[in-house]
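One file, structure-v4.cif, is given below (mmCIF, C-alpha atoms).
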```cif
data_input
#
loop_
_atom_site.label_atom_id
_atom_site.label_comp_id
_atom_site.auth_asym_id
_atom_site.auth_seq_id
_atom_site.Cartn_x
_atom_site.Cartn_y
_atom_site.Cartn_z
CA MET A 1 0.00 0.00 0.00
CA LEU A 2 2.65 2.48 1.07
CA ALA A 3 4.93 1.32 -1.72
CA PHE A 4 2.16 2.03 -4.22
CA PHE A 5 1.69 5.46 -2.67
CA TYR A 6 5.37 6.34 -3.06
CA LEU A 7 5.43 4.95 -6.60
CA PHE A 8 2.43 7.05 -7.67
CA ALA A 9 3.78 10.11 -5.86
CA ALA A 10 7.14 9.85 -7.63
CA ILE A 11 5.47 9.33 -11.02
CA SER A 12 3.13 12.29 -10.55
CA ILE A 13 5.81 14.71 -9.32
CA ILE A 14 8.31 13.77 -12.02
CA SER A 15 5.72 14.04 -14.77
CA ALA A 16 4.52 17.38 -13.37
CA LEU A 17 8.09 18.66 -13.55
CA ILE A 18 8.24 17.42 -17.15
CA VAL A 19 4.99 19.34 -17.85
CA VAL A 20 6.55 22.57 -16.67
CA SER A 21 9.97 22.09 -18.21
CA ALA A 22 9.17 20.52 -21.59
CA ARG A 23 9.96 22.60 -24.63
CA SER A 24 7.24 21.28 -26.89
CA PRO A 25 3.57 21.49 -25.79
CA ILE A 26 2.92 17.97 -27.13
CA ASN A 27 5.45 16.48 -24.70
CA SER A 28 3.88 18.56 -21.98
CA VAL A 29 0.42 17.13 -22.72
CA ILE A 30 1.74 13.56 -22.71
CA ALA A 31 3.43 14.12 -19.36
CA LEU A 32 0.22 15.65 -18.03
CA ILE A 33 -1.70 12.49 -19.05
CA VAL A 34 0.79 10.38 -17.09
CA CYS A 35 0.39 12.71 -14.12
CA PHE A 36 -3.40 12.44 -14.24
CA LEU A 37 -3.28 8.65 -14.42
CA SER A 38 -1.06 8.53 -11.36
CA ILE A 39 -3.44 10.89 -9.56
CA ALA A 40 -6.26 8.49 -10.43
CA GLY A 41 -4.17 5.77 -8.81
CA HIS A 42 -3.97 7.96 -5.72
CA TYR A 43 -7.76 8.22 -5.71
CA ILE A 44 -8.07 4.43 -5.82
CA LEU A 45 -5.60 4.18 -2.92
CA LEU A 46 -7.73 6.67 -0.99
CA ASN A 47 -10.78 4.40 -1.43
CA ALA A 48 -12.53 6.78 -3.84
CA GLN A 49 -13.09 4.57 -6.86
CA PHE A 50 -15.90 6.65 -8.32
CA LEU A 51 -13.70 9.75 -8.30
CA ALA A 52 -10.89 7.80 -9.95
CA MET A 53 -13.14 6.67 -12.79
CA VAL A 54 -14.63 10.15 -13.25
CA HIS A 55 -11.12 11.61 -13.19
CA ILE A 56 -9.89 9.27 -15.90
CA ILE A 57 -12.98 9.83 -18.06
CA VAL A 58 -13.12 13.61 -17.68
CA TYR A 59 -9.46 14.54 -17.61
CA THR A 60 -7.59 12.06 -19.75
CA GLY A 61 -10.61 11.42 -21.95
CA ALA A 62 -11.98 14.88 -22.58
CA ILE A 63 -9.66 17.63 -21.44
CA MET A 64 -6.46 16.16 -22.81
CA VAL A 65 -8.14 15.47 -26.16
CA LEU A 66 -9.25 19.10 -26.14
CA PHE A 67 -5.68 20.27 -25.44
CA LEU A 68 -4.27 18.08 -28.21
CA PHE A 69 -6.99 19.29 -30.59
CA VAL A 70 -6.18 22.94 -29.95
CA ILE A 71 -2.42 22.37 -30.19
CA MET A 72 -2.75 20.61 -33.52
CA LEU A 73 -5.37 23.08 -34.78
CA LEU A 74 -3.17 26.08 -34.12
CA ASN A 75 0.15 24.44 -35.12
CA LEU A 76 1.66 25.08 -31.72
CA ASN A 77 3.72 21.92 -31.66
CA LYS A 78 6.99 23.62 -32.36
CA ALA A 79 8.67 25.19 -29.40
CA THR A 80 8.70 28.86 -30.33
CA GLU A 81 8.70 30.82 -27.11
CA PRO A 82 11.95 30.99 -25.20
CA MET A 83 11.84 30.38 -21.48
CA LYS A 84 11.43 33.35 -19.23
CA THR A 85 14.87 33.69 -17.68
CA LEU A 86 16.32 35.84 -14.96
CA GLY A 87 17.78 38.14 -17.57
CA THR A 88 14.63 40.05 -18.36
CA ARG A 89 14.54 43.72 -17.70
CA ALA A 90 12.25 43.75 -14.69
CA TRP A 91 14.27 41.11 -12.89
CA GLN A 92 17.48 43.02 -13.55
CA ARG A 93 15.86 46.10 -12.08
CA TYR A 94 14.78 44.19 -8.97
CA LEU A 95 18.25 42.67 -8.54
CA ARG A 96 19.84 46.09 -8.89
CA ALA A 97 17.50 47.57 -6.31
CA ALA A 98 18.25 44.70 -3.91
CA CYS A 99 22.01 45.10 -4.40
CA SER A 100 21.93 48.84 -3.86
CA SER A 101 19.84 48.43 -0.74
CA SER A 102 22.49 46.03 0.58
CA ARG A 103 24.72 49.06 1.25
CA LEU A 104 22.42 49.79 4.15
CA TRP A 105 23.29 46.47 5.75
CA ARG A 106 26.98 47.17 5.87
CA PRO A 107 27.17 48.48 9.49
CA CYS A 108 25.36 45.34 10.63
CA VAL A 109 27.83 43.10 8.85
CA MET A 110 30.86 44.95 10.25
CA GLY A 111 30.76 43.18 13.58
CA SER A 112 30.79 39.65 12.17
CA THR A 113 33.91 37.51 12.10
CA SER A 114 34.19 37.30 8.36
CA HIS A 115 33.45 40.96 7.86
CA ARG A 116 36.32 41.59 5.47
CA ARG A 117 35.18 39.03 2.93
CA MET A 118 31.53 40.06 3.32
CA ASN A 119 32.46 43.72 2.91
CA SER A 120 34.48 43.06 -0.21
CA THR A 121 31.68 41.09 -1.81
CA LEU A 122 29.15 43.72 -0.82
CA ALA A 123 31.36 46.50 -2.17
CA SER A 124 31.84 44.71 -5.46
CA VAL A 125 28.12 44.03 -5.72
CA SER A 126 27.21 47.62 -4.95
CA CYS A 127 29.86 48.90 -7.37
CA ALA A 128 28.39 46.67 -10.07
CA ALA A 129 24.94 47.96 -9.17
CA SER A 130 25.99 51.58 -9.32
CA ALA A 131 27.90 51.06 -12.56
CA CYS A 132 24.80 50.13 -14.51
CA PRO A 133 22.18 52.88 -14.53
CA LEU A 134 18.66 52.14 -13.42
CA MET B 1 -0.42 16.60 1.97
CA ILE B 2 3.21 17.04 1.04
CA LEU B 3 2.52 15.53 -2.38
CA SER B 4 -0.41 17.86 -2.89
CA PHE B 5 1.66 20.85 -1.83
CA LEU B 6 4.46 19.86 -4.21
CA LEU B 7 2.03 19.52 -7.11
CA PHE B 8 0.49 22.90 -6.27
CA SER B 9 3.88 24.59 -6.11
CA ILE B 10 4.91 23.06 -9.43
CA GLY B 11 1.70 24.41 -10.92
CA ILE B 12 2.36 27.88 -9.55
CA ALA B 13 5.93 27.78 -10.86
CA GLY B 14 4.61 26.85 -14.29
CA VAL B 15 2.10 29.68 -14.28
CA VAL B 16 4.73 32.19 -13.22
CA PHE B 17 7.69 31.13 -15.31
CA ARG B 18 6.19 30.04 -18.62
CA ARG B 19 4.81 32.36 -21.24
CA ASN B 20 3.06 29.84 -23.44
CA THR B 21 -0.62 30.15 -22.70
CA ILE B 22 -1.46 26.49 -23.20
CA ILE B 23 1.20 25.45 -20.68
CA ILE B 24 -0.24 27.98 -18.24
CA LEU B 25 -3.64 26.29 -18.68
CA MET B 26 -2.06 22.89 -18.05
CA CYS B 27 -0.48 24.17 -14.87
CA LEU B 28 -3.89 25.47 -13.79
CA GLU B 29 -5.17 21.92 -14.25
CA LEU B 30 -2.29 20.68 -12.14
CA MET B 31 -3.27 23.03 -9.32
CA PHE B 32 -6.92 21.95 -9.53
CA ASN B 33 -5.82 18.34 -9.26
CA SER B 34 -3.62 18.95 -6.26
CA VAL B 35 -6.51 20.61 -4.43
CA ASN B 36 -8.81 17.73 -5.40
CA LEU B 37 -6.28 15.24 -4.11
CA LEU B 38 -6.01 17.10 -0.81
CA LEU B 39 -9.80 17.17 -0.42
CA THR B 40 -10.05 13.46 -1.16
CA ALA B 41 -7.30 12.70 1.33
CA PHE B 42 -9.14 14.65 4.01
CA SER B 43 -12.39 12.88 3.21
CA ALA B 44 -10.63 9.54 3.49
CA TYR B 45 -8.99 10.38 6.79
CA HIS B 46 -12.21 11.68 8.33
CA SER B 47 -14.24 8.90 6.61
CA ASP B 48 -16.70 11.53 5.42
CA PRO B 49 -17.82 11.06 1.81
CA ARG B 50 -19.27 14.54 1.41
CA ALA B 51 -15.94 15.98 0.29
CA GLN B 52 -15.94 13.60 -2.68
CA VAL B 53 -19.15 15.21 -3.93
CA PHE B 54 -17.38 18.53 -3.61
CA VAL B 55 -14.40 17.19 -5.60
CA PHE B 56 -16.80 15.96 -8.28
CA PHE B 57 -18.28 19.43 -8.72
CA ILE B 58 -14.77 20.96 -8.76
CA MET B 59 -13.94 18.58 -11.62
CA LEU B 60 -17.01 19.71 -13.59
CA VAL B 61 -16.16 23.38 -13.07
CA ALA B 62 -12.55 22.74 -14.08
CA ALA B 63 -13.70 21.05 -17.30
CA ALA B 64 -15.88 24.03 -18.17
CA GLU B 65 -13.07 26.43 -17.29
CA VAL B 66 -10.62 24.63 -19.56
CA THR B 67 -13.11 24.79 -22.42
CA VAL B 68 -13.50 28.55 -22.00
CA GLY B 69 -9.72 28.98 -21.66
CA LEU B 70 -9.02 27.09 -24.86
CA ALA B 71 -11.67 29.13 -26.69
CA ILE B 72 -9.96 32.30 -25.47
CA LEU B 73 -6.66 30.84 -26.68
CA VAL B 74 -8.06 30.19 -30.17
CA MET B 75 -9.38 33.75 -30.36
CA MET B 76 -6.05 35.10 -29.12
CA LYS B 77 -4.18 33.12 -31.77
CA ARG B 78 -6.46 34.50 -34.46
CA ASN B 79 -6.30 38.11 -33.30
CA VAL B 80 -2.76 38.54 -32.00
CA ASP B 81 -1.24 35.65 -34.00
CA SER B 82 0.71 34.47 -30.99
CA VAL B 83 0.24 32.46 -27.81
CA ASP B 84 2.63 34.58 -25.81
CA VAL B 85 0.87 36.16 -22.84
CA ASN B 86 3.15 39.18 -23.05
CA GLN B 87 1.47 40.06 -26.33
CA LEU B 88 -1.83 40.47 -24.51
CA ASN B 89 -1.02 43.88 -23.08
CA ARG B 90 -3.76 45.68 -24.94
CA LEU B 91 -5.94 45.90 -21.86
CA LYS B 92 -3.31 47.85 -19.96
CA TRP B 93 -4.33 51.34 -18.90
#
```

Once more with this new file: its structure as structure tokens, please.
Amino acid sequence: MLAFFYLFAAISIISALIVVSARSPINSVIALIVCFLSIAGHYILLNAQFLAMVHIIVYTGAIMVLFLFVIMLLNLNKATEPMKTLGTRAWQRYLRAACSSSRLWRPCVMGSTSHRRMNSTLASVSCAASACPL
Amino acid sequence: MILSFLLFSIGIAGVVFRRNTIIILMCLELMFNSVNLLLTAFSAYHSDPRAQVFVFFIMLVAAAEVTVGLAILVMMKRNVDSVDVNQLNRLKW
């Protein structure tokens, strides 16, 4: 029983990570079907057989077919969009603001044992932050 | 509960970090399923079958919501010619 629980949990979490990280939407849909089947297995383990059957029929029978239909209707099956990285402009602005506000922490860091290394890293970070204009 | 929380956090990460609208819809489905799993686990631990009726209605609402979301996605593809959510900034003030 517990072994089945851990098996289904591992399958669902790994396939959910594949859903988020897959480049192509088709691979994402296939991983989502695997995730839903493992969640149906969880329902059976929780003694909710009716919910498991309804879950399989509704999700992997209707919703996933709908997703695949829309993907193939709109020709979305090539990975076009790049991932949103940390290098976008808003994130750079937030990082710069955080680094420049770290100058305010410097008197608190002074009393620590490794204050020289911390101060040098903070100074370099704040110099880098002040070098690039907001 | 930990499994449900992990699935919910993966869904939130997908909504936040991806720009493809169809993957955002899939992550919404993931979050619905984690909440359903948590409700079913509670109903099993308290041996109270009323929560399963609740989960059933959540499933119906989620199916309707996905249908509306995919219709919006088809319209967005036809109007903006993209599935990038950053292109949908026309409603900004």

Exercise. Care to translate the PyMOL selection byres ((chain B and resi 49-59) around 8) into actual residues of this file, as a ChimeraX atom specification?
Worked result: /A:48,51,54-55,58 /B:32,36,39-40,42-44,47-48,60-63

Exercise. What residues have an atom no more than 12 Å from (-2.9, 22.7, -32.0) in the file's own frame, counting only C-alpha atoms, and can you write them as number ranges by chain?
Worked result: A: 24-26, 29, 64-78; B: 22, 70, 73-74, 77, 83

Exercise. Excluding same-chain residues fewer than 4 positions from Ala31 of chain A, what lies within 10 Å of it counting only C-alpha atoms, as an MDAnalysis selection string?
Worked result: chainID A and resid 11:12 14:20 22 25:27 35:37

Output file for the residues above (C-alpha atoms, as a short mmCIF file (atom, residue, chain, number, x, y, z; two decimals), in the frame of the given file):
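What landed in again-v6.cif:
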```
data_model
loop_
_atom_site.label_atom_id
_atom_site.label_comp_id
_atom_site.auth_asym_id
_atom_site.auth_seq_id
_atom_site.Cartn_x
_atom_site.Cartn_y
_atom_site.Cartn_z
CA ILE A 11 5.47 9.33 -11.02
CA SER A 12 3.13 12.29 -10.55
CA ILE A 14 8.31 13.77 -12.02
CA SER A 15 5.72 14.04 -14.77
CA ALA A 16 4.52 17.38 -13.37
CA LEU A 17 8.09 18.66 -13.55
CA ILE A 18 8.24 17.42 -17.15
CA VAL A 19 4.99 19.34 -17.85
CA VAL A 20 6.55 22.57 -16.67
CA ALA A 22 9.17 20.52 -21.59
CA PRO A 25 3.57 21.49 -25.79
CA ILE A 26 2.92 17.97 -27.13
CA ASN A 27 5.45 16.48 -24.70
CA CYS A 35 0.39 12.71 -14.12
CA PHE A 36 -3.40 12.44 -14.24
CA LEU A 37 -3.28 8.65 -14.42
#
```

Exercise. Written as a PyMOL selection string, what is the full residue list that the PyMOL selection byres ((chain A and resi 41) around 12) yields on the file shown?
Worked result: (chain A and resi 1+4-9+11-12+34-40+42-53+55-56) or (chain B and resi 37)

For this session: Provide the atom CA of Ile30 of chain A to atom CA of Glu65 of chain B distance in Å, to one decimal place.
Result: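 Atom CA of Glu65 of chain B lies at a distance of 20.4 Å from atom CA of Ile30 of chain A.
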
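Put simply, atom CA of Asn20 of chain B is 26.2 Å away from atom CA of Ile57 of chain A.
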
Quick one: apply the PyMOL selection byres ((chain B and resi 25) around 10) to the file and drop the selected residues here as a compact mmCIF listing (two decimals) with C-alpha atoms, in the frame of the given file.
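Below is the file that was written, part_1.txt:
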```
# COMPACT_ATOMS: atom_id res chain seq x y z
CA PHE A 67 -5.68 20.27 -25.44
CA GLY B 11 1.70 24.41 -10.92
CA GLY B 14 4.61 26.85 -14.29
CA VAL B 15 2.10 29.68 -14.28
CA ASN B 20 3.06 29.84 -23.44
CA THR B 21 -0.62 30.15 -22.70
CA ILE B 22 -1.46 26.49 -23.20
CA ILE B 23 1.20 25.45 -20.68
CA ILE B 24 -0.24 27.98 -18.24
CA MET B 26 -2.06 22.89 -18.05
CA CYS B 27 -0.48 24.17 -14.87
CA LEU B 28 -3.89 25.47 -13.79
CA GLU B 29 -5.17 21.92 -14.25
CA LEU B 30 -2.29 20.68 -12.14
CA MET B 31 -3.27 23.03 -9.32
CA GLU B 65 -13.07 26.43 -17.29
CA VAL B 66 -10.62 24.63 -19.56
CA GLY B 69 -9.72 28.98 -21.66
CA LEU B 70 -9.02 27.09 -24.86
CA LEU B 73 -6.66 30.84 -26.68
```

Seminar exercise, completed: Pairwise distance, atom CA of Asn33 of chain B with atom CA of Tyr59 of chain A, equals 9.9 Å
